[in-house]
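Q: My structure file work.cif, mmCIF, C-alpha atoms, is below:
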```
data_upload
loop_
_atom_site.label_atom_id
_atom_site.label_comp_id
_atom_site.auth_asym_id
_atom_site.auth_seq_id
_atom_site.Cartn_x
_atom_site.Cartn_y
_atom_site.Cartn_z
CA MET A 120 18.70 82.60 20.07
CA ALA A 121 15.84 83.74 17.85
CA THR A 122 13.26 81.18 16.84
CA VAL A 123 11.21 81.07 13.63
CA VAL A 124 7.56 81.95 14.36
CA PRO A 125 5.57 81.77 11.10
CA THR A 126 2.20 83.49 10.71
CA SER A 127 1.40 82.32 7.15
CA GLU A 128 2.96 80.01 4.54
CA GLU A 129 4.68 82.87 2.73
CA ASP A 130 5.83 84.49 5.94
CA ALA A 131 7.25 81.14 7.12
CA ALA A 132 9.42 80.76 4.02
CA LEU A 133 10.65 84.35 4.19
CA ALA A 134 11.24 84.04 7.94
CA VAL A 135 13.42 80.98 7.36
CA VAL A 136 15.38 82.74 4.61
CA ARG A 137 15.99 85.79 6.80
CA PHE A 138 16.77 83.71 9.92
CA THR A 139 19.31 81.45 8.19
CA ALA A 140 20.84 84.27 6.15
CA GLU A 141 21.44 86.41 9.23
CA LEU A 142 23.16 83.50 10.97
CA ALA A 143 25.20 82.63 7.91
CA TRP A 144 26.46 86.23 7.51
CA ALA A 145 26.68 87.07 11.23
CA ASP A 146 30.48 87.06 11.30
CA ALA A 147 30.84 89.41 8.32
CA GLY A 148 29.62 92.51 10.15
CA PRO A 149 26.42 94.55 9.57
CA GLU A 150 27.77 96.51 6.60
CA VAL A 151 28.37 93.33 4.62
CA ALA A 152 25.58 91.21 6.12
CA GLU A 153 22.56 93.49 5.69
CA PRO A 154 22.79 93.85 1.87
CA GLN A 155 23.31 90.10 1.53
CA VAL A 156 20.33 89.26 3.77
CA THR A 157 18.11 91.79 2.00
CA GLY A 158 19.13 90.43 -1.40
CA LEU A 159 18.37 86.87 -0.40
CA CYS A 160 14.97 87.84 0.97
CA MET A 161 14.09 89.72 -2.24
CA GLU A 162 15.18 86.74 -4.34
CA ALA A 163 13.07 84.41 -2.19
CA GLN A 164 10.04 86.67 -2.51
CA GLU A 165 10.45 86.74 -6.29
CA CYS A 166 10.59 82.94 -6.40
CA MET A 167 7.33 82.72 -4.43
CA VAL A 168 5.57 85.24 -6.66
CA MET A 169 6.70 83.39 -9.80
CA GLY A 170 5.96 79.94 -8.33
CA ARG A 171 9.59 78.86 -8.77
CA TRP A 172 9.53 76.43 -5.86
CA LEU A 173 12.58 74.45 -6.94
CA ASP A 174 14.68 77.64 -7.04
CA LEU A 175 13.29 78.70 -3.68
CA ALA A 176 14.16 75.32 -2.15
CA SER A 177 17.70 75.59 -3.52
CA LEU A 178 18.05 79.11 -2.10
CA MET A 179 16.76 78.11 1.34
CA LEU A 180 18.91 74.97 1.49
CA THR A 181 22.11 76.88 0.75
CA SER A 182 21.67 79.09 3.81
CA ALA A 183 20.24 76.34 6.00
CA ASP A 184 23.18 74.06 5.28
CA LEU A 185 25.62 76.76 6.46
CA VAL A 186 23.92 77.11 9.86
CA PHE A 187 23.33 73.40 10.51
CA SER A 188 25.90 73.29 13.31
CA LYS A 189 24.92 76.68 14.76
CA VAL A 190 21.31 76.09 15.80
CA SER A 191 19.48 73.68 18.09
CA ASP A 192 17.88 70.49 16.82
CA ARG A 193 14.47 72.01 17.50
CA ASP A 194 15.20 75.05 15.32
CA LEU A 195 16.64 72.81 12.61
CA GLU A 196 13.46 70.75 12.51
CA CYS A 197 11.40 73.94 12.29
CA ILE A 198 13.56 75.31 9.46
CA PHE A 199 13.49 72.10 7.42
CA THR A 200 9.77 71.55 7.99
CA VAL A 201 9.18 74.83 6.16
CA ILE A 202 11.63 73.85 3.40
CA CYS A 203 10.19 70.34 3.02
CA ASN A 204 6.69 71.77 2.86
CA LEU A 205 7.60 73.32 -0.52
CA ALA A 206 7.26 69.85 -2.03
CA SER A 207 3.56 69.80 -1.13
CA LYS A 208 2.97 72.86 -3.35
CA LEU A 209 3.83 70.89 -6.49
CA GLU A 210 1.06 68.97 -8.23
CA ASN A 211 3.31 67.66 -11.01
CA PRO A 212 4.96 64.38 -9.84
CA ASP A 213 8.13 65.08 -11.83
CA GLU A 214 8.55 68.50 -10.23
CA GLU A 215 7.86 67.04 -6.78
CA LEU A 216 10.54 64.44 -7.44
CA GLU A 217 13.06 67.14 -8.38
CA VAL A 218 12.40 69.05 -5.15
CA ALA A 219 12.54 65.82 -3.12
CA LYS A 220 15.88 64.92 -4.73
CA LEU A 221 17.27 68.39 -4.06
CA ILE A 222 16.26 68.46 -0.39
CA SER A 223 17.12 64.85 0.51
CA THR A 224 20.47 64.93 -1.28
CA LYS A 225 21.46 68.12 0.53
CA ILE A 226 20.44 66.72 3.91
CA SER A 227 22.35 63.48 3.30
CA GLN A 228 25.64 65.09 2.25
CA GLN A 229 27.16 65.25 5.75
CA PRO A 230 25.90 62.08 7.50
CA ASN A 231 28.25 62.40 10.47
CA GLU A 232 26.88 65.80 11.56
CA LYS A 233 23.71 65.36 13.63
CA PRO A 234 22.72 62.19 11.72
CA ALA A 235 19.66 61.41 13.87
CA THR A 236 18.24 64.89 13.26
CA ARG A 237 18.95 64.63 9.54
CA LEU A 238 17.19 61.27 9.44
CA LYS A 239 14.17 62.70 11.23
CA ILE A 240 14.00 65.51 8.65
CA LEU A 241 14.01 62.94 5.84
CA PHE A 242 11.17 61.04 7.50
CA ASN A 243 9.17 64.29 7.71
CA LEU A 244 9.85 64.96 4.03
CA TYR A 245 8.76 61.41 3.14
CA ASN A 246 5.40 61.92 4.87
CA LEU A 247 4.80 65.19 3.01
CA LEU A 248 5.27 63.63 -0.42
CA GLU A 249 2.47 62.27 -2.61
CA SER A 250 4.37 60.63 -5.49
CA PRO A 251 5.47 57.00 -4.91
CA HIS A 252 8.68 57.63 -6.88
CA SER A 253 9.53 60.62 -4.70
CA ARG A 254 8.87 58.61 -1.56
CA PHE A 255 11.06 55.74 -2.73
CA PHE A 256 13.94 58.10 -3.55
CA VAL A 257 13.77 59.74 -0.11
CA TYR A 258 13.56 56.36 1.63
CA MET A 259 16.71 55.21 -0.15
CA GLN A 260 18.44 58.42 0.92
CA ALA A 261 17.33 57.74 4.49
CA LEU A 262 18.74 54.19 4.34
CA ASN A 263 22.12 55.41 3.16
CA LEU A 264 22.16 58.24 5.70
CA ALA A 265 21.38 55.79 8.53
CA LEU A 266 24.14 53.47 7.29
CA ASN A 267 26.81 56.15 6.81
CA GLY A 268 25.83 58.11 9.93
CA LYS A 269 25.76 54.98 12.15
CA VAL A 270 22.15 55.57 13.25
CA THR A 271 20.64 52.37 11.86
CA ASP A 272 18.53 51.80 15.01
CA HIS A 273 16.25 54.61 13.86
CA ILE A 274 15.33 53.00 10.52
CA VAL A 275 15.35 49.25 11.23
CA PRO A 276 11.74 49.26 12.64
CA SER A 277 10.46 50.44 9.23
CA PHE A 278 11.61 47.18 7.61
CA LYS A 279 8.52 45.43 8.98
CA LYS A 280 6.47 47.50 6.51
CA ILE A 281 8.61 46.84 3.44
CA ASP A 282 6.00 44.63 1.75
CA SER A 283 3.35 47.37 1.96
CA PHE A 284 5.93 49.95 0.85
CA LEU A 285 6.72 47.87 -2.23
CA LYS A 286 3.05 47.74 -3.19
CA GLU A 287 2.83 51.52 -2.83
CA TRP A 288 6.07 52.35 -4.66
CA ASN A 289 5.55 49.86 -7.52
CA ILE A 290 9.25 49.95 -8.38
CA GLY A 291 11.14 47.93 -10.99
CA VAL A 292 13.54 45.02 -10.52
CA LYS A 293 16.70 47.16 -10.45
CA ASP A 294 15.28 49.41 -7.73
CA GLN A 295 14.12 46.39 -5.73
CA ARG A 296 17.60 44.93 -6.05
CA ASN A 297 19.17 48.13 -4.73
CA LEU A 298 16.62 48.37 -1.91
CA PHE A 299 17.07 44.80 -0.65
CA LEU A 300 20.86 44.96 -0.74
CA THR A 301 20.95 48.29 1.09
CA ILE A 302 18.58 46.99 3.77
CA ALA A 303 20.77 43.90 4.18
CA ASN A 304 23.81 46.15 4.65
CA VAL A 305 21.92 48.23 7.23
CA LEU A 306 20.99 45.07 9.15
CA LYS A 307 24.59 43.86 9.01
CA GLU A 308 25.85 47.20 10.36
CA ASN A 309 23.12 47.16 13.02
CA LYS A 310 24.06 43.61 14.05
CA SER A 311 20.37 42.77 13.98
CA SER A 312 18.80 39.33 13.70
CA GLY A 313 20.81 37.05 11.45
CA LYS A 314 17.55 35.72 10.05
CA ASP A 315 16.45 39.20 8.94
CA TYR A 316 19.85 39.83 7.33
CA PHE A 317 19.60 36.48 5.54
CA LYS A 318 16.00 37.20 4.51
CA PHE A 319 16.88 40.40 2.66
CA LEU A 320 19.99 38.88 1.10
CA THR A 321 17.80 36.12 -0.36
CA LYS A 322 15.26 38.72 -1.54
CA TYR A 323 18.12 40.46 -3.33
CA LEU A 324 19.34 37.23 -4.96
CA ALA A 325 15.79 36.34 -6.01
CA THR A 326 15.69 39.41 -8.29
CA PHE A 327 18.25 37.79 -10.62
CA SER A 328 17.00 35.55 -13.41
CA SER A 329 18.73 32.96 -15.58
CA GLU A 330 17.17 34.78 -18.53
CA ASP A 331 19.51 37.70 -17.88
CA PRO A 332 22.97 36.12 -17.49
CA TYR A 333 24.79 39.40 -18.16
CA THR A 334 23.73 40.89 -14.81
CA MET A 335 24.10 37.63 -12.87
CA GLY A 336 27.79 38.19 -12.25
CA GLU A 337 27.15 41.20 -10.03
CA ALA A 338 25.33 38.93 -7.56
CA LYS A 339 28.22 36.50 -7.15
CA GLU A 340 29.80 38.03 -4.06
CA GLU A 341 26.46 38.47 -2.30
CA ALA A 342 25.54 34.90 -3.21
CA ILE A 343 28.66 33.71 -1.39
CA HIS A 344 27.84 35.90 1.64
CA THR A 345 24.33 34.46 1.73
CA VAL A 346 25.52 30.86 1.50
CA ILE A 347 28.11 31.37 4.25
CA GLU A 348 25.53 33.16 6.43
CA PHE A 349 23.20 30.16 6.13
CA MET A 350 25.91 27.65 7.02
CA LYS A 351 27.08 29.73 10.00
CA ALA A 352 23.59 30.34 11.42
CA PRO A 353 22.87 27.92 14.31
CA ASP A 354 19.10 28.39 13.99
CA MET A 355 18.51 28.14 10.22
CA PHE A 356 17.97 24.70 8.75
CA GLN A 357 15.88 25.32 5.64
CA CYS A 358 16.36 27.49 2.55
CA ASP A 359 15.71 27.65 -1.19
CA LEU A 360 19.20 28.80 -2.19
CA LEU A 361 19.79 25.82 -4.50
CA ASP A 362 16.81 26.92 -6.62
CA MET A 363 18.19 30.43 -7.18
CA PRO A 364 20.08 31.11 -10.45
CA ALA A 365 22.28 33.65 -8.63
CA VAL A 366 23.52 30.84 -6.35
CA GLY A 367 23.49 28.18 -9.09
CA GLN A 368 26.15 30.09 -11.03
CA LEU A 369 28.64 29.25 -8.27
CA GLU A 370 28.57 25.55 -9.15
CA LYS A 371 30.79 26.01 -12.22
CA ASP A 372 32.79 28.94 -10.89
CA ALA A 373 36.48 28.11 -10.45
CA LYS A 374 36.77 30.22 -7.30
CA TYR A 375 33.50 29.36 -5.55
CA SER A 376 32.52 25.86 -6.73
CA LEU A 377 33.66 24.25 -3.47
CA VAL A 378 31.43 26.58 -1.44
CA TYR A 379 28.49 25.54 -3.62
CA GLN A 380 29.43 21.89 -3.07
CA LEU A 381 29.43 22.44 0.69
CA LEU A 382 25.99 24.07 0.52
CA LYS A 383 24.64 21.00 -1.30
CA ILE A 384 26.06 18.81 1.46
CA PHE A 385 24.29 20.89 4.12
CA LEU A 386 20.96 20.74 2.27
CA THR A 387 20.91 17.28 0.69
CA GLN A 388 23.44 14.99 2.40
CA GLN A 389 24.44 13.76 5.84
CA LEU A 390 27.26 14.15 8.35
CA ASP A 391 29.63 11.65 6.72
CA ALA A 392 29.69 13.69 3.50
CA TYR A 393 30.45 16.84 5.48
CA LEU A 394 33.31 15.20 7.39
CA GLU A 395 34.84 13.99 4.15
CA PHE A 396 34.61 17.50 2.66
CA GLN A 397 36.05 19.14 5.78
CA ALA A 398 39.02 16.81 5.85
CA ALA A 399 39.96 17.86 2.33
CA ASN A 400 39.07 21.58 2.60
CA SER A 401 39.68 22.68 6.19
CA THR A 402 41.73 25.73 5.12
CA LEU A 403 38.97 26.92 2.79
CA MET A 404 36.38 26.61 5.56
CA LYS A 405 38.53 28.59 8.00
CA SER A 406 38.99 31.34 5.40
CA TYR A 407 35.20 31.85 5.39
CA GLY A 408 34.96 31.82 9.18
CA LEU A 409 33.21 28.44 9.37
CA VAL A 410 33.88 26.76 12.72
CA HIS A 411 34.18 22.98 12.38
CA GLU A 412 32.52 22.17 15.74
CA ASN A 413 29.52 24.40 14.93
CA CYS A 414 29.18 22.84 11.50
CA ILE A 415 29.19 19.34 13.01
CA THR A 416 26.41 20.33 15.41
CA LYS A 417 24.31 21.72 12.58
CA MET A 418 24.97 18.76 10.28
CA ARG A 419 24.01 16.30 13.04
CA LEU A 420 20.64 18.01 13.45
CA MET A 421 20.11 18.20 9.69
CA SER A 422 21.11 14.55 9.29
CA LEU A 423 18.58 13.59 11.95
CA VAL A 424 15.91 15.51 10.05
CA ASP A 425 16.92 13.61 6.91
CA LEU A 426 16.44 10.31 8.71
CA GLY A 427 13.01 11.44 9.88
CA SER A 428 11.79 12.11 6.35
CA ASN A 429 11.68 8.42 5.36
CA GLU A 430 8.33 6.85 4.59
CA SER A 431 8.28 4.43 7.51
CA GLY A 432 8.11 7.23 10.09
CA GLN A 433 10.42 5.32 12.42
CA ILE A 434 14.13 5.78 13.12
CA PRO A 435 16.02 3.06 15.04
CA TYR A 436 18.31 4.36 17.78
CA ALA A 437 21.17 2.41 16.18
CA LEU A 438 20.76 4.25 12.88
CA ILE A 439 20.82 7.63 14.65
CA LYS A 440 23.96 6.60 16.52
CA ASP A 441 25.77 5.53 13.34
CA THR A 442 24.60 8.46 11.19
CA LEU A 443 25.38 11.15 13.77
CA ARG A 444 28.56 9.34 14.97
CA ILE A 445 27.64 9.58 18.62
CA ASN A 446 27.50 7.27 21.63
CA ASP A 447 24.43 5.23 22.62
CA ASP A 448 23.70 7.45 25.59
CA GLU A 449 23.68 10.59 23.37
CA VAL A 450 20.91 9.49 20.99
CA GLU A 451 17.98 10.79 23.03
CA LEU A 452 19.88 14.01 23.79
CA TRP A 453 20.16 14.79 20.06
CA VAL A 454 16.52 13.90 19.47
CA VAL A 455 15.55 16.37 22.20
CA LYS A 456 17.78 19.01 20.57
CA ALA A 457 15.98 18.49 17.28
CA ILE A 458 12.59 18.75 18.99
CA THR A 459 13.67 21.95 20.79
CA ALA A 460 14.78 23.46 17.48
CA LYS A 461 11.32 22.57 16.09
CA LEU A 462 12.89 20.44 13.40
CA ILE A 463 11.01 17.27 14.25
CA ASP A 464 7.81 16.24 16.02
CA CYS A 465 8.21 12.75 17.43
CA LYS A 466 8.02 10.33 20.34
CA MET A 467 10.79 8.15 21.70
CA ASP A 468 9.93 4.48 22.22
CA GLN A 469 12.61 3.51 24.74
CA MET A 470 11.43 -0.10 24.99
CA ASN A 471 11.83 -0.78 21.27
CA ARG A 472 14.59 1.83 20.90
CA VAL A 473 13.01 3.67 17.97
CA VAL A 474 11.94 7.25 17.35
CA ILE A 475 8.38 7.50 15.99
CA VAL A 476 8.17 10.60 13.75
CA SER A 477 4.93 12.53 13.24
CA CYS A 478 6.42 15.23 11.02
CA CYS A 479 9.74 16.93 10.34
CA THR A 480 11.11 20.01 8.63
CA GLU A 481 12.32 19.67 5.04
CA ARG A 482 15.76 21.18 4.46
CA ILE A 483 14.74 22.15 0.95
CA PHE A 484 11.28 22.44 -0.54
CA GLY A 485 11.64 21.65 -4.21
CA GLN A 486 9.70 19.71 -6.84
CA HIS A 487 9.92 16.40 -4.96
CA GLN A 488 8.57 17.96 -1.77
CA TRP A 489 5.70 19.61 -3.63
CA GLN A 490 4.74 16.30 -5.24
CA SER A 491 4.86 14.56 -1.87
CA LEU A 492 2.66 17.26 -0.34
CA ARG A 493 0.23 16.97 -3.26
CA SER A 494 -0.05 13.20 -2.73
CA LYS A 495 -0.66 13.64 1.00
CA LEU A 496 -3.32 16.29 0.41
CA ALA A 497 -5.04 14.06 -2.15
CA SER A 498 -4.98 11.17 0.34
CA TRP A 499 -6.36 13.36 3.13
CA ARG A 500 -9.05 14.68 0.80
CA GLY A 501 -10.07 11.12 -0.07
CA ASN A 502 -10.16 10.13 3.59
CA VAL A 503 -12.30 13.14 4.50
CA ALA A 504 -14.70 12.40 1.61
CA SER A 505 -14.96 8.78 2.73
CA LEU A 506 -15.64 9.86 6.32
CA ILE A 507 -18.35 12.31 5.21
CA GLY A 508 -19.93 9.56 3.08
CA SER A 509 -19.97 7.16 6.05
CA ILE A 510 -21.55 9.79 8.30
CA GLN A 511 -24.25 10.55 5.74
CA ALA A 512 -24.98 6.83 5.21
CA ASN A 513 -25.28 6.23 8.96
CA LYS A 514 -27.56 9.24 9.21
CA VAL A 515 -29.92 7.79 6.57
CA VAL A 516 -29.97 4.42 8.38
CA ASP A 517 -30.71 6.10 11.72
CA GLU A 518 -33.53 8.16 10.22
CA GLY A 519 -35.05 5.03 8.60
CA SER A 520 -34.83 3.11 11.86
CA GLN A 521 -36.56 5.92 13.76
CA ALA A 522 -39.34 6.06 11.14
CA THR A 523 -39.93 2.27 11.42
CA GLN A 524 -40.13 2.50 15.19
CA GLY A 525 -42.70 5.30 14.87
CA MET A 526 -44.94 3.16 12.63
CA ALA A 527 -44.72 0.22 15.05
CA VAL A 528 -45.89 2.42 17.94
CA ARG A 529 -48.95 3.50 15.98
#
```
As a first step, turn the structure in this file into structure tokens.
A:
Amino acid sequence: MATVVPTSEEDAALAVVRFTAELAWADAGPEVAEPQVTGLCMEAQECMVMGRWLDLASLMLTSADLVFSKVSDRDLECIFTVICNLASKLENPDEELEVAKLISTKISQQPNEKPATRLKILFNLYNLLESPHSRFFVYMQALNLALNGKVTDHIVPSFKKIDSFLKEWNIGVKDQRNLFLTIANVLKENKSSGKDYFKFLTKYLATFSSEDPYTMGEAKEEAIHTVIEFMKAPDMFQCDLLDMPAVGQLEKDAKYSLVYQLLKIFLTQQLDAYLEFQAANSTLMKSYGLVHENCITKMRLMSLVDLGSNESGQIPYALIKDTLRINDDEVELWVVKAITAKLIDCKMDQMNRVVIVSCCTERIFGQHQWQSLRSKLASWRGNVASLIGSIQANKVVDEGSQATQGMAVR
């Protein structure tokens, strides 16, 4: 098969037009094909002379799309590199955006045909663009292509750079909302880390404000998914969902109020409250895929964390036994589980049968937690200042003593 070998920018574009046109019209016979190929080449040349890059891109894409299944991946990349390079000829951001939309939309139309190659072409186009708006549009097209074409593995690594991308793109709230939700869907399809999926769901929910109640309703279903994801996750014990207006709206919702109530139990109450709720709402919990045994395990750990947050810093074994509803010989096992999960830093005093807590994870970090932290920091600051004052005072005394000894020697 022939391969495109460009010798200059203009020759490359014309070579692609001729190459794709000949393939597209190959089955029509030379008498029909030659006039069509010649006409397309003349039209392409006219577009280049007149600087009509958008029209040229449209012309090239029409032929290229027809031969997508007829050429190798290598030739496809070569063809679309030339087409994508047209965007770099445009200095006007609006015109660049139009070309980027045209190319990326065309490439994304058939996601099930060579999806990995199509995605690679979109990445190449992204890197050729200068305008942040153009880049954002192409990235969104790439996300949807990866999702629909089942090639999410190729785009998931880019999520680590999302924060820097957001600074570059400088997009509005609606675009951020669309971005975070699409990424969450990609992660769900990819069966990636549950924490990453939860992270982008919460980013999506955080874009909704109580000042705009009219749009809040559209977040309701995702709010439920996020809440359920948190309660199912065996390795997540802290979140700020109760502070989010998008989640708060569930409290008075006839359909979802019980789910909100269960979330509050997970984040603010102990095992006995959960068991009471489960006894009355076991069917509801099963409908959301919540496994009772897994929920008990999580609530026992979270209840233990709650016990560790008291001011005394000590938890009697008996209190752990009663709160977690376990046997005497299981107390230390659950403390070890909490330590392993990095929920609590403590020592077990087996002689006095108490757990001495150094620090523990807060299930929620709201106003009360901030005030507590502020008090501790103020106390530490005072202690450090007092220590520095003592050191300086001792230093003065030592220097005076040394001076007196020097005078006595003389």
Q: For CA of Leu298 in chain A and CA of Val275 in chain A, determine how far apart the two atoms are, in Å to one decimal place.
A: 13.2 Å
Q: With distances taken over all atoms listed in the file, which of A:Tyr407, A:Tyr393, A:Phe299, A:Tyr323 is nearest to Leu360 in chain A?
A: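 Of A:Tyr407, A:Tyr393, A:Phe299, A:Tyr323, the one nearest Leu360 in chain A is A:Tyr323, counting all atoms listed in the file.
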Q: With a distance cut-off of 10 Å and only C-alpha atoms, select the neighbouring residues of Thr416 in chain A, excluding the residue or stretch itself and same-chain residues fewer than 3 positions from it, and output the selection as a list of chain:residue names.
A: A:Pro353, A:Leu390, A:His411, A:Glu412, A:Asn413, A:Arg419, A:Leu420, A:Met421, A:Ser422, A:Leu443, A:Trp453
Q: Using the chain letters and numbers from the file, give me the residues hit by the PyMOL selection byres ((chain A and resi 287) around 12), as a PyMOL selection string.
A: chain A and resi 249-255+280-286+288-290
Q: Taking the file above as input, evaluate the PyMOL selection byres ((chain A and resi 365-380) around 7) and report the hits as a PyMOL selection string.
A: chain A and resi 324+327+335+338-339+342+360-361+363-364+381-384
Q: List, as a PyMOL selection string, every residue that the PyMOL selection byres ((chain A and resi 215-228) around 7) selects in the file provided.
A: chain A and resi 173+206+209+211-214+229-230+237+241+253+257+260+264
Q: Keeping only C-alpha atoms, write the selected residues to a file as a PDB file, in the coordinates of the input.
A:
```pdb
ATOM      1  CA  LEU A 173      12.580  74.450  -6.940  1.00  0.00           C
ATOM      2  CA  ALA A 206       7.260  69.850  -2.030  1.00  0.00           C
ATOM      3  CA  LEU A 209       3.830  70.890  -6.490  1.00  0.00           C
ATOM      4  CA  ASN A 211       3.310  67.660 -11.010  1.00  0.00           C
ATOM      5  CA  PRO A 212       4.960  64.380  -9.840  1.00  0.00           C
ATOM      6  CA  ASP A 213       8.130  65.080 -11.830  1.00  0.00           C
ATOM      7  CA  GLU A 214       8.550  68.500 -10.230  1.00  0.00           C
ATOM      8  CA  GLN A 229      27.160  65.250   5.750  1.00  0.00           C
ATOM      9  CA  PRO A 230      25.900  62.080   7.500  1.00  0.00           C
ATOM     10  CA  ARG A 237      18.950  64.630   9.540  1.00  0.00           C
ATOM     11  CA  LEU A 241      14.010  62.940   5.840  1.00  0.00           C
ATOM     12  CA  SER A 253       9.530  60.620  -4.700  1.00  0.00           C
ATOM     13  CA  VAL A 257      13.770  59.740  -0.110  1.00  0.00           C
ATOM     14  CA  GLN A 260      18.440  58.420   0.920  1.00  0.00           C
ATOM     15  CA  LEU A 264      22.160  58.240   5.700  1.00  0.00           C
TER      16      LEU A 264
END
```
Q: Could you write out as JSON the box around range 170-179 of chain A (axis-aligned, all atoms listed in the file, 8 Å on each side), with centre and edge lengths in Å to one decimal?
A:
```
{"center_x": 12.0, "center_y": 77.2, "center_z": -3.7, "size_x": 28.1, "size_y": 21.5, "size_z": 26.1}
```
Q: Please report the interatomic distance between CA of Lys440 in chain A and CA of Lys417 in chain A in Å with one decimal.
A: 15.6 Å
Q: Expressed in Å to a single decimal, how great is the separation between CA of Glu348 in chain A and CA of Ile445 in chain A?
A: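 One can read the CA of Glu348 in chain A to CA of Ile445 in chain A distance as 26.6 Å.
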Q: Using all atoms listed in the file, what does the table of range 284-394 of chain A residues within 10 Å of range 456-474 of chain A look like, with each row giving the shortest atom pair and its distance in Å to one decimal, sorted by chain and ascending number, as JSON lines?
A:
```
{"residue": "A:Pro353", "atom": "CA", "partner": "A:Ala460", "partner_atom": "CA", "distance": 9.8}
{"residue": "A:Asp354", "atom": "CA", "partner": "A:Ala460", "partner_atom": "CA", "distance": 7.4}
{"residue": "A:Met355", "atom": "CA", "partner": "A:Ala460", "partner_atom": "CA", "distance": 9.4}
{"residue": "A:Phe356", "atom": "CA", "partner": "A:Leu462", "partner_atom": "CA", "distance": 8.1}
{"residue": "A:Gln357", "atom": "CA", "partner": "A:Leu462", "partner_atom": "CA", "distance": 9.6}
```
Q: Excluding range 194-198 of chain A and any residue of its chain fewer than 4 positions from it, enumerate the residues within 7 Å of it, using only C-alpha atoms, and give them as a ChimeraX atom specification.
A: /A:122,135,190,202,240
